[in-house]
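Visitor: Got a structure for you, model.cif, holding mmCIF, C-alpha atoms.
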data_query
loop_
_atom_site.label_atom_id
_atom_site.label_comp_id
_atom_site.auth_asym_id
_atom_site.auth_seq_id
_atom_site.Cartn_x
_atom_site.Cartn_y
_atom_site.Cartn_z
CA MET S 1 47.08 92.91 68.46
CA ALA S 2 47.90 96.10 66.60
CA ASP S 3 45.20 97.55 64.37
CA SER S 4 45.86 96.91 60.69
CA THR S 5 45.95 100.53 59.64
CA PRO S 6 47.19 101.52 57.17
CA SER S 7 46.08 98.49 55.19
CA PRO S 8 48.95 96.09 54.48
CA SER S 9 49.96 95.30 50.94
CA PRO S 10 48.24 92.24 49.45
CA SER S 11 51.29 90.04 50.00
CA ASP S 12 51.31 90.85 53.75
CA ARG S 13 47.73 89.83 54.45
CA PRO S 14 47.11 86.74 56.57
CA VAL S 15 44.13 84.46 56.41
CA TYR S 16 41.82 85.32 59.29
CA ILE S 17 39.87 82.55 60.98
CA VAL S 18 36.92 83.68 63.07
CA GLY S 19 36.44 81.27 65.97
CA GLY S 20 38.86 79.24 68.07
CA GLY S 21 36.96 75.96 68.33
CA PRO S 22 37.87 72.65 66.68
CA ALA S 23 36.90 73.84 63.20
CA GLY S 24 38.91 77.05 63.37
CA LEU S 25 41.97 75.41 64.89
CA SER S 26 41.93 72.69 62.22
CA VAL S 27 41.98 75.22 59.40
CA ALA S 28 44.75 77.23 61.10
CA TYR S 29 46.90 74.10 61.28
CA ALA S 30 46.18 73.08 57.68
CA LEU S 31 47.16 76.53 56.41
CA ARG S 32 50.26 76.75 58.60
CA ALA S 33 51.36 73.33 57.33
CA ARG S 34 51.33 74.87 53.83
CA GLY S 35 53.42 77.85 54.87
CA ILE S 36 50.52 80.31 55.02
CA ARG S 37 50.10 82.70 57.92
CA ALA S 38 46.73 82.11 59.58
CA VAL S 39 45.44 84.17 62.51
CA VAL S 40 42.66 82.81 64.70
CA LEU S 41 40.41 85.47 66.24
CA GLU S 42 38.60 84.17 69.33
CA LYS S 43 36.16 86.38 71.25
CA SER S 44 36.64 84.56 74.57
CA ASP S 45 39.88 84.31 76.54
CA SER S 46 40.72 80.75 75.50
CA VAL S 47 40.32 78.20 72.73
CA GLY S 48 37.44 75.74 72.81
CA ASP S 49 35.23 78.11 74.77
CA SER S 50 31.96 76.43 73.81
CA TRP S 51 33.28 73.09 75.02
CA ARG S 52 34.18 74.59 78.39
CA ARG S 53 30.58 75.73 78.84
CA HIS S 54 28.91 72.36 78.17
CA TYR S 55 27.36 70.32 81.00
CA ASP S 56 29.68 68.31 83.18
CA ARG S 57 28.76 64.76 82.13
CA LEU S 58 29.13 65.38 78.40
CA ARG S 59 31.21 62.93 76.41
CA LEU S 60 31.82 62.79 72.70
CA HIS S 61 29.22 60.74 70.87
CA THR S 62 31.87 60.00 68.28
CA THR S 63 34.91 57.80 68.80
CA ARG S 64 38.30 59.09 69.84
CA ARG S 65 39.99 57.75 66.71
CA LEU S 66 37.51 59.38 64.33
CA SER S 67 37.34 62.68 66.22
CA ALA S 68 40.99 63.78 66.09
CA LEU S 69 41.89 66.96 64.27
CA PRO S 70 44.57 66.89 61.55
CA GLY S 71 48.12 66.57 62.78
CA LEU S 72 47.51 65.29 66.32
CA PRO S 73 45.74 62.15 67.59
CA ILE S 74 43.60 62.28 70.71
CA PRO S 75 45.47 60.48 73.52
CA ARG S 76 44.41 56.89 74.13
CA ARG S 77 44.12 57.55 77.86
CA PHE S 78 41.02 59.69 77.15
CA GLY S 79 39.12 56.51 76.33
CA ARG S 80 36.85 55.65 73.45
CA TRP S 81 34.38 58.46 74.23
CA PRO S 82 36.43 61.44 75.51
CA ALA S 83 34.90 63.56 78.26
CA ARG S 84 34.28 67.28 77.96
CA ASP S 85 37.33 68.29 80.00
CA ASP S 86 39.55 65.96 77.99
CA VAL S 87 38.33 67.54 74.75
CA VAL S 88 39.25 70.96 76.17
CA ARG S 89 42.72 69.68 77.14
CA TYR S 90 43.17 68.26 73.67
CA LEU S 91 42.24 71.57 71.99
CA GLU S 92 44.67 73.47 74.22
CA LYS S 93 47.42 70.98 73.41
CA TYR S 94 46.58 71.15 69.72
CA ALA S 95 47.08 74.92 69.63
CA GLU S 96 50.34 74.60 71.60
CA VAL S 97 51.88 71.75 69.62
CA HIS S 98 51.20 73.39 66.27
CA GLU S 99 52.21 76.86 67.49
CA LEU S 100 49.03 78.39 66.12
CA GLU S 101 48.71 82.16 66.04
CA ILE S 102 45.67 82.88 68.20
CA VAL S 103 44.41 86.25 69.39
CA THR S 104 41.86 86.03 72.19
CA GLY S 105 39.43 88.67 73.40
CA VAL S 106 38.75 89.87 69.86
CA GLU S 107 35.23 89.59 68.47
CA VAL S 108 34.55 90.18 64.79
CA SER S 109 31.27 92.02 64.21
CA ARG S 110 31.20 92.45 60.43
CA ILE S 111 33.05 91.15 57.39
CA GLU S 112 33.18 93.13 54.14
CA ARG S 113 34.78 92.71 50.76
CA LEU S 114 37.56 95.22 50.08
CA PRO S 115 36.50 97.72 47.38
CA ASP S 116 39.30 96.61 45.04
CA GLY S 117 38.31 92.94 45.44
CA THR S 118 41.76 91.85 46.63
CA GLY S 119 40.75 90.69 50.10
CA TRP S 120 38.51 91.15 53.10
CA LEU S 121 37.98 93.78 55.79
CA LEU S 122 37.03 92.60 59.27
CA HIS S 123 35.53 94.99 61.81
CA ALA S 124 36.48 93.81 65.29
CA THR S 125 36.60 94.72 68.97
CA GLY S 126 37.97 98.13 69.88
CA GLY S 127 37.45 99.63 66.44
CA ARG S 128 39.97 97.34 64.80
CA GLU S 129 39.88 97.03 61.03
CA LEU S 130 41.78 93.95 59.93
CA THR S 131 42.63 93.19 56.32
CA GLY S 132 42.91 89.57 55.25
CA ALA S 133 43.59 87.75 52.01
CA ALA S 134 40.83 85.27 52.88
CA VAL S 135 38.46 84.63 55.76
CA VAL S 136 37.22 81.40 57.29
CA VAL S 137 34.13 81.71 59.48
CA ALA S 138 34.17 79.00 62.15
CA THR S 139 31.97 80.50 64.85
CA GLY S 140 30.11 77.26 65.41
CA TYR S 141 26.80 75.51 65.01
CA ASN S 142 25.92 76.12 68.69
CA HIS S 143 26.58 79.85 68.78
CA THR S 144 23.66 81.72 70.33
CA PRO S 145 21.09 80.06 72.64
CA TYR S 146 17.57 80.02 71.24
CA VAL S 147 14.45 80.25 73.39
CA PRO S 148 11.04 80.26 71.67
CA ASP S 149 8.90 83.34 72.16
CA TRP S 150 6.56 81.62 74.57
CA ALA S 151 3.63 83.68 75.78
CA GLY S 152 3.68 84.23 79.54
CA LEU S 153 7.29 83.17 80.05
CA ASP S 154 8.17 86.47 81.74
CA ASP S 155 5.60 85.75 84.44
CA TYR S 156 6.76 82.23 85.18
CA THR S 157 7.76 82.11 88.85
CA GLY S 158 9.80 78.88 88.78
CA ASP S 159 13.44 78.61 87.81
CA PHE S 160 14.00 78.87 84.07
CA ALA S 161 17.27 78.31 82.24
CA HIS S 162 18.45 77.51 78.75
CA ALA S 163 20.43 74.28 78.54
CA CYS S 164 23.60 76.29 77.90
CA ALA S 165 23.48 77.30 81.59
CA TYR S 166 23.00 73.74 82.86
CA ARG S 167 26.10 72.18 84.43
CA ASN S 168 24.97 69.33 86.66
CA PRO S 169 21.88 68.08 88.54
CA GLU S 170 22.93 69.33 91.97
CA PRO S 171 20.71 72.48 91.98
CA TYR S 172 17.71 70.34 90.95
CA ALA S 173 17.98 67.56 93.52
CA GLY S 174 14.59 66.77 95.06
CA ARG S 175 12.76 69.06 92.64
CA ASP S 176 10.15 68.69 89.88
CA VAL S 177 11.89 69.56 86.59
CA LEU S 178 10.63 69.90 83.03
CA VAL S 179 13.17 69.53 80.22
CA VAL S 180 11.97 71.01 76.94
CA GLY S 181 13.41 69.47 73.77
CA VAL S 182 14.52 65.97 72.92
CA GLY S 183 17.69 66.47 70.97
CA ASN S 184 20.88 64.93 72.32
CA THR S 185 21.28 67.72 74.87
CA GLY S 186 17.73 67.49 76.23
CA ALA S 187 17.82 63.70 76.36
CA GLU S 188 21.10 63.62 78.23
CA ILE S 189 20.12 66.35 80.68
CA ALA S 190 16.90 64.47 81.47
CA VAL S 191 18.91 61.34 82.28
CA ASP S 192 21.42 63.38 84.28
CA LEU S 193 18.61 64.86 86.38
CA VAL S 194 17.13 61.44 87.10
CA GLU S 195 20.48 60.01 88.13
CA GLY S 196 21.27 63.15 90.14
CA GLY S 197 18.24 62.93 92.40
CA ALA S 198 15.55 65.13 90.86
CA ALA S 199 12.17 64.19 92.38
CA ARG S 200 10.38 64.18 89.03
CA VAL S 201 11.63 64.64 85.48
CA ARG S 202 9.38 65.31 82.51
CA LEU S 203 10.59 65.64 78.95
CA SER S 204 8.59 67.82 76.58
CA VAL S 205 8.62 66.47 73.02
CA ARG S 206 7.27 68.21 69.94
CA THR S 207 8.54 65.79 67.30
CA ALA S 208 9.52 62.22 68.13
CA PRO S 209 13.25 61.76 67.47
CA HIS S 210 15.14 58.94 65.87
CA ILE S 211 17.05 57.14 68.62
CA VAL S 212 20.15 55.07 67.95
CA ARG S 213 22.48 53.15 70.21
CA ARG S 214 25.84 54.89 70.52
CA SER S 215 27.46 51.49 70.16
CA THR S 216 26.12 48.00 69.49
CA ALA S 217 28.41 45.03 70.16
CA GLY S 218 31.38 47.38 69.81
CA TRP S 219 30.18 48.87 66.51
CA ALA S 220 29.82 52.64 66.95
CA ALA S 221 26.86 54.37 65.35
CA GLN S 222 29.39 56.76 63.85
CA TYR S 223 30.86 53.95 61.76
CA THR S 224 27.49 53.45 60.10
CA GLY S 225 27.24 57.21 59.55
CA VAL S 226 30.57 57.18 57.73
CA LEU S 227 29.54 54.23 55.55
CA VAL S 228 26.20 55.71 54.44
CA ARG S 229 27.16 59.37 54.04
CA ARG S 230 27.40 59.09 50.23
CA LEU S 231 24.36 56.87 49.72
CA PRO S 232 21.00 58.19 48.45
CA VAL S 233 18.91 59.67 51.25
CA GLY S 234 15.88 57.50 50.48
CA LEU S 235 17.93 54.31 50.55
CA VAL S 236 19.41 55.11 53.95
CA ASP S 237 15.95 55.96 55.29
CA ARG S 238 14.69 52.54 54.20
CA LEU S 239 17.68 50.69 55.63
CA ALA S 240 17.42 52.52 58.96
CA ARG S 241 13.84 51.46 59.73
CA PRO S 242 14.42 47.72 60.34
CA LEU S 243 17.69 48.42 62.15
CA ALA S 244 15.89 50.79 64.52
CA LYS S 245 13.25 48.17 65.30
CA LEU S 246 15.95 45.63 66.11
CA SER S 247 18.10 47.87 68.30
CA VAL S 248 15.66 50.25 70.03
CA PRO S 249 12.39 49.14 71.71
CA ASP S 250 9.06 50.72 70.80
CA LEU S 251 8.33 53.44 73.35
CA SER S 252 4.92 54.41 71.96
CA ALA S 253 3.17 53.37 75.17
CA GLN S 254 5.41 55.78 77.07
CA GLY S 255 4.62 58.65 74.70
CA LEU S 256 7.64 58.38 72.44
CA PRO S 257 6.53 56.69 69.19
CA ARG S 258 8.80 55.87 66.30
CA PRO S 259 9.16 58.81 63.89
CA ASP S 260 7.15 58.76 60.68
CA THR S 261 9.93 60.46 58.71
CA GLY S 262 13.25 58.97 57.56
CA LEU S 263 16.37 59.11 59.72
CA TYR S 264 18.67 60.45 57.00
CA SER S 265 16.04 62.86 55.68
CA ARG S 266 15.76 64.37 59.13
CA ALA S 267 19.52 64.44 59.60
CA ARG S 268 20.06 66.25 56.30
CA ASP S 269 17.66 68.91 57.59
CA GLY S 270 19.67 69.32 60.78
CA ALA S 271 17.82 66.96 63.16
CA ILE S 272 20.46 64.39 63.97
CA PRO S 273 19.45 61.18 65.79
CA VAL S 274 19.51 61.02 69.58
CA GLN S 275 22.30 58.73 70.73
CA ASP S 276 21.03 56.70 73.63
CA VAL S 277 23.09 57.20 76.79
CA GLY S 278 20.33 56.11 79.15
CA LEU S 279 17.16 57.74 77.83
CA VAL S 280 15.53 54.55 76.53
CA ASP S 281 15.89 52.79 79.86
CA ALA S 282 14.74 55.85 81.82
CA VAL S 283 11.61 56.24 79.68
CA ARG S 284 10.78 52.52 79.82
CA LYS S 285 10.98 52.55 83.62
CA GLY S 286 8.94 55.76 83.92
CA ARG S 287 11.80 57.69 85.48
CA VAL S 288 11.57 60.19 82.63
CA GLU S 289 7.97 61.03 81.73
CA VAL S 290 7.32 62.13 78.16
CA VAL S 291 4.82 64.97 77.80
CA ALA S 292 3.53 67.12 74.92
CA ALA S 293 5.26 70.16 73.47
CA VAL S 294 5.22 73.44 75.37
CA ASP S 295 2.73 75.97 73.99
CA GLY S 296 3.31 78.71 76.54
CA PHE S 297 3.08 79.76 80.16
CA ASP S 298 0.06 81.00 82.08
CA SER S 299 -0.31 82.05 85.73
CA GLY S 300 2.90 80.32 86.67
CA LYS S 301 1.98 77.08 84.95
CA VAL S 302 3.34 75.51 81.78
CA VAL S 303 0.72 75.01 79.08
CA LEU S 304 1.27 71.97 76.87
CA ALA S 305 0.06 71.44 73.31
CA ASP S 306 -2.51 68.86 74.44
CA GLY S 307 -4.12 71.37 76.81
CA THR S 308 -2.49 69.99 79.94
CA ARG S 309 -1.22 72.47 82.52
CA ILE S 310 1.67 71.44 84.71
CA SER S 311 3.55 73.19 87.50
CA PRO S 312 7.23 72.18 87.48
CA GLU S 313 9.51 73.92 89.94
CA ALA S 314 12.13 74.40 87.23
CA VAL S 315 12.31 74.38 83.45
CA VAL S 316 15.44 73.62 81.41
CA ALA S 317 14.99 74.66 77.78
CA ALA S 318 17.09 72.43 75.52
CA THR S 319 15.68 74.31 72.55
CA GLY S 320 18.82 74.66 70.54
CA TYR S 321 20.92 77.45 69.14
CA VAL S 322 21.04 79.79 66.19
CA ARG S 323 24.15 80.40 64.11
CA ALA S 324 23.76 84.20 64.39
CA LEU S 325 25.59 84.94 61.15
CA GLU S 326 23.25 87.67 59.92
CA ASP S 327 25.12 90.65 61.39
CA LEU S 328 28.47 89.17 60.47
CA VAL S 329 27.90 88.28 56.80
CA GLY S 330 24.17 88.61 56.10
CA HIS S 331 24.73 91.69 53.92
CA LEU S 332 26.91 89.65 51.55
CA GLY S 333 24.11 87.45 50.23
CA VAL S 334 25.83 84.25 51.40
CA LEU S 335 23.10 82.89 53.72
CA ASP S 336 19.87 81.07 52.97
CA ASP S 337 16.48 82.02 54.41
CA ARG S 338 17.26 80.07 57.59
CA GLY S 339 20.54 81.84 58.19
CA ARG S 340 22.70 78.93 57.04
CA PRO S 341 25.74 79.39 54.76
CA LEU S 342 24.90 78.74 51.11
CA ALA S 343 28.34 77.24 50.62
CA HIS S 344 30.36 75.18 53.06
CA GLY S 345 33.90 73.88 53.37
CA ALA S 346 36.23 74.25 50.39
CA ARG S 347 33.50 75.75 48.24
CA ALA S 348 33.24 79.53 48.67
CA PRO S 349 30.08 81.40 47.63
CA GLN S 350 30.22 82.44 43.98
CA ASN S 351 29.76 86.09 44.91
CA ALA S 352 32.30 85.94 47.76
CA PRO S 353 35.53 84.21 46.65
CA GLY S 354 37.92 83.74 49.53
CA LEU S 355 35.17 83.48 52.15
CA HIS S 356 34.74 80.02 53.64
CA PHE S 357 32.48 78.50 56.29
CA THR S 358 33.16 75.41 58.38
CA GLY S 359 31.54 73.68 61.34
CA PHE S 360 27.94 74.61 60.55
CA THR S 361 26.62 71.12 59.84
CA THR S 362 25.98 68.07 62.01
CA PRO S 363 26.66 65.07 59.75
CA LEU S 364 25.95 61.49 60.76
CA SER S 365 29.64 60.74 60.23
CA GLY S 366 30.60 63.09 63.08
CA THR S 367 31.15 66.83 63.24
CA LEU S 368 34.78 66.66 64.39
CA ARG S 369 35.64 64.15 61.70
CA GLU S 370 34.13 66.34 59.02
CA VAL S 371 35.65 69.65 60.19
CA ALA S 372 39.05 67.92 60.15
CA ARG S 373 38.49 66.81 56.57
CA ASP S 374 37.10 70.21 55.60
CA ALA S 375 40.17 71.95 57.02
CA GLU S 376 42.49 70.28 54.54
CA LYS S 377 40.16 71.05 51.65
CA ILE S 378 39.73 74.68 52.68
CA ALA S 379 43.49 75.14 52.99
CA LYS S 380 44.05 73.72 49.53
CA SER S 381 41.38 76.00 48.09
CA VAL S 382 42.80 79.09 49.80
CA VAL S 383 46.32 78.34 48.57
CA ARG S 384 45.11 77.56 45.06
CA ASN S 385 43.05 80.73 44.73
CA GLY S 386 45.00 83.12 46.95
CA GLY S 387 48.14 83.48 44.86
CA ASP S 388 50.36 86.40 45.77
CA THR S 389 47.80 87.88 48.19
CA LEU S 390 48.67 85.33 50.88
CA SER S 391 51.11 86.15 53.65
CA ARG S 392 53.79 83.45 53.79
CA LEU S 393 55.49 82.21 56.92
CA PRO S 394 59.27 82.77 57.09
CA GLY S 395 61.40 79.86 55.98
#
Rewrite the structure of this file - the entire thing - as structure tokens.

Guide:
Amino acid sequence: MADSTPSPSPSDRPVYIVGGGPAGLSVAYALRARGIRAVVLEKSDSVGDSWRRHYDRLRLHTTRRLSALPGLPIPRRFGRWPARDDVVRYLEKYAEVHELEIVTGVEVSRIERLPDGTGWLLHATGGRELTGAAVVVATGYNHTPYVPDWAGLDDYTGDFAHACAYRNPEPYAGRDVLVVGVGNTGAEIAVDLVEGGAARVRLSVRTAPHIVRRSTAGWAAQYTGVLVRRLPVGLVDRLARPLAKLSVPDLSAQGLPRPDTGLYSRARDGAIPVQDVGLVDAVRKGRVEVVAAVDGFDSGKVVLADGTRISPEAVVAATGYVRALEDLVGHLGVLDDRGRPLAHGARAPQNAPGLHFTGFTTPLSGTLREVARDAEKIAKSVVRNGGDTLSRLPG
């Protein structure tokens, strides 16, 4: 890509989309469908990079039909719950079919408002300075691995890895493994380790999660998420309690009690329910042992919150990710105190018109479904507010 110097005239400026995952590709398509030039900037060498790096057994927890991006259905042969590699194939095909303009190997480090207020300046790899009419940040919810600042971790002599580095259970066969964190990733890795021959699997839990069946009698949990997404939070919390008791057994005796906070309340704060793909059965049978939260490490041992000291041969930290938006846009006053965008989707921050964020929430109705819907809304907003500053496609 040629550096955009000197700065193009306002009518020659494309919309830049930072990130070549599902959210970014969706917006690029929606803009292109409206005759607007959209350029996707992807720091890796291919689209869907985060999907390529997920563990091998991963499947969508949302249905194929409700996970398609705008303009292209997911093939039926991928099944109801598409596998990781099929999602990657779909994203590659999506970019090809829609002839999206994608530049790989370019990482954007900082976004600034142009002094005259007519657009945005992006500082990117190799000293590039790119001028866009609008910018859509789609760098993803799972951007940068997070590991708590545990005392003594540097002196731990066992194998330690963040879940982002976990691929399959083969390296852990016959070993004593501690998985830290009981989100969907931690729960699924724990089950994967059990099924893959680990000698002992313990799951460290700080806060008991809500657990839901991925599907009950053919009814996907996502369908319920779609139906309740507009209902009052308190009402959904109340409705979820009896349903949970009917569908998921009480695991209190195994160390995993029912949560004392509402399902939707937790989800709105970013803690989505764990979709059961084998965890309930593994905990009931004692194949996955639930232990207290990790407080730190000492003399090669793991210190738990209840004072217990254990000596696993390996630790997999499924402790989540941070969005890492501070360096990119933190100076613009568009993030809250937790580093989350103050505005999302079609709504741009009041002090930053033309700057949009997508893919930074995990709704009960399904992330892919919502980024697809957001893409159309963002494109409409960009076209409505961009006017003559938008670069138009020929024809």

Visitor: Give as a ChimeraX atom specification the residues that the PyMOL selection byres ((chain S and resi 378-381) around 9) matches when applied to the coordinates above.

Guide: /S:27-28,30-32,34,36,136,345-348,354,356-358,373-377,382-386

Visitor: Excluding S:Pro22 and any residue of its chain fewer than 3 positions from it, enumerate the residues within 7 Å of it, using all atoms listed in the file, and give them as a VMD selection string.

Guide: chain S and resid 25 to 26 48 91

Visitor: Store the residues picked out above in a file with C-alpha atoms, as a CSV table (one decimal), in the coordinates of the input.

Guide:
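Everything below was put into out_17.csv:
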chain,number,residue,atom,x,y,z
S,25,LEU,CA,42.0,75.4,64.9
S,26,SER,CA,41.9,72.7,62.2
S,48,GLY,CA,37.4,75.7,72.8
S,91,LEU,CA,42.2,71.6,72.0

Visitor: What does the distance between atom CA of S:Pro273 and atom CA of S:Arg323 come to in Å, to one decimal place?

Guide: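 Between these atoms lies a distance of 19.9 Å.
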
Visitor: Please evaluate the PyMOL selection byres ((chain S and resi 141) around 8) against the structure above and give the resulting residues as a PDB file with C-alpha atoms, in the coordinates of the input.

Guide:
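File written: expr_22.pdb
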ATOM      1  CA  THR S 139      31.970  80.500  64.850  1.00  0.00           C
ATOM      2  CA  GLY S 140      30.110  77.260  65.410  1.00  0.00           C
ATOM      3  CA  ASN S 142      25.920  76.120  68.690  1.00  0.00           C
ATOM      4  CA  HIS S 143      26.580  79.850  68.780  1.00  0.00           C
ATOM      5  CA  TYR S 321      20.920  77.450  69.140  1.00  0.00           C
ATOM      6  CA  VAL S 322      21.040  79.790  66.190  1.00  0.00           C
ATOM      7  CA  ARG S 323      24.150  80.400  64.110  1.00  0.00           C
ATOM      8  CA  GLY S 359      31.540  73.680  61.340  1.00  0.00           C
ATOM      9  CA  PHE S 360      27.940  74.610  60.550  1.00  0.00           C
ATOM     10  CA  THR S 361      26.620  71.120  59.840  1.00  0.00           C
TER      11      THR S 361
END

Visitor: Quick one: everything within 7 Å of S:Ala173, counting only C-alpha atoms, minus sequence neighbours fewer than 5 positions away in the same chain. Send it as a compact mmCIF listing (two decimals) with C-alpha atoms, in the coordinates of the input.

Guide:
# COMPACT_ATOMS: atom_id res chain seq x y z
CA GLY S 196 21.27 63.15 90.14
CA GLY S 197 18.24 62.93 92.40
CA ALA S 198 15.55 65.13 90.86
CA ALA S 199 12.17 64.19 92.38

Visitor: Grab the atom CA of S:His210 to atom CA of S:Leu231 distance for me, in Å with one decimal place.

Guide: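 We find that atom CA of S:His210 and atom CA of S:Leu231 lie 18.7 Å from each other.
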
Visitor: List the residues matched by the PyMOL selection byres ((chain S and resi 158) around 9) in the displayed structure as number ranges by chain, ordered by chain and then by residue number.

Guide: S: 156-157, 159-160, 300-301, 311-315

Visitor: By how many Å are atom CA of S:Ser365 and atom CA of S:Pro353 apart?

Guide: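 Atom CA of S:Pro353 lies 27.7 Å from atom CA of S:Ser365.
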
Visitor: Neighbours of S:Ala95 within 9 Å (all atoms listed in the file; same-chain residues fewer than 6 positions away dropped), as an MDAnalysis selection string?

Guide: chainID S and resid 25 29 47 101:102

Visitor: Suppose we keep C-alpha atoms; can you now write the selection as a compact mmCIF listing (two decimals), in the frame of the given file?

Guide:
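For reference, result.txt as written:
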# COMPACT_ATOMS: atom_id res chain seq x y z
CA LEU S 25 41.97 75.41 64.89
CA TYR S 29 46.90 74.10 61.28
CA VAL S 47 40.32 78.20 72.73
CA GLU S 101 48.71 82.16 66.04
CA ILE S 102 45.67 82.88 68.20

Visitor: Find, counting all atoms listed in the file, the residue in S:Lys245, S:Leu279, S:Ala138, S:Pro341 that gets nearest to S:Gly183.

Guide: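 Looking at the shortest contact to S:Gly183, the residue is S:Leu279.
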
Visitor: Give me, as number ranges by chain, all polymer residues having an atom no more than 6 Å from S:Val201, counting all atoms listed in the file and skipping those fewer than 6 positions away in the same chain.

Guide: S: 177-178, 288

Visitor: List every protein, DNA or RNA residue that has at least one atom no more than 12 Å from (17.2, 77.4, 75.6) in the file's coordinates, counting all atoms listed in the file, and write the result as a ChimeraX atom specification.

Guide: /S:142-150,160-166,179-181,183,185-186,315-322

Visitor: With distances taken over all atoms listed in the file, which of S:Arg369, S:Arg175, S:Arg202, S:Lys285 is nearest to S:Ala187?

Guide: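 Ranking S:Arg369, S:Arg175, S:Arg202, S:Lys285 by distance to S:Ala187, first place goes to S:Arg202.
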
Visitor: Using only C-alpha atoms, which of the listed residues (S:Val87, S:Val277, S:Val137, S:Leu122) sits closest to S:Ser215?

Guide: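 Smallest distance to S:Ser215 is found for S:Val277.
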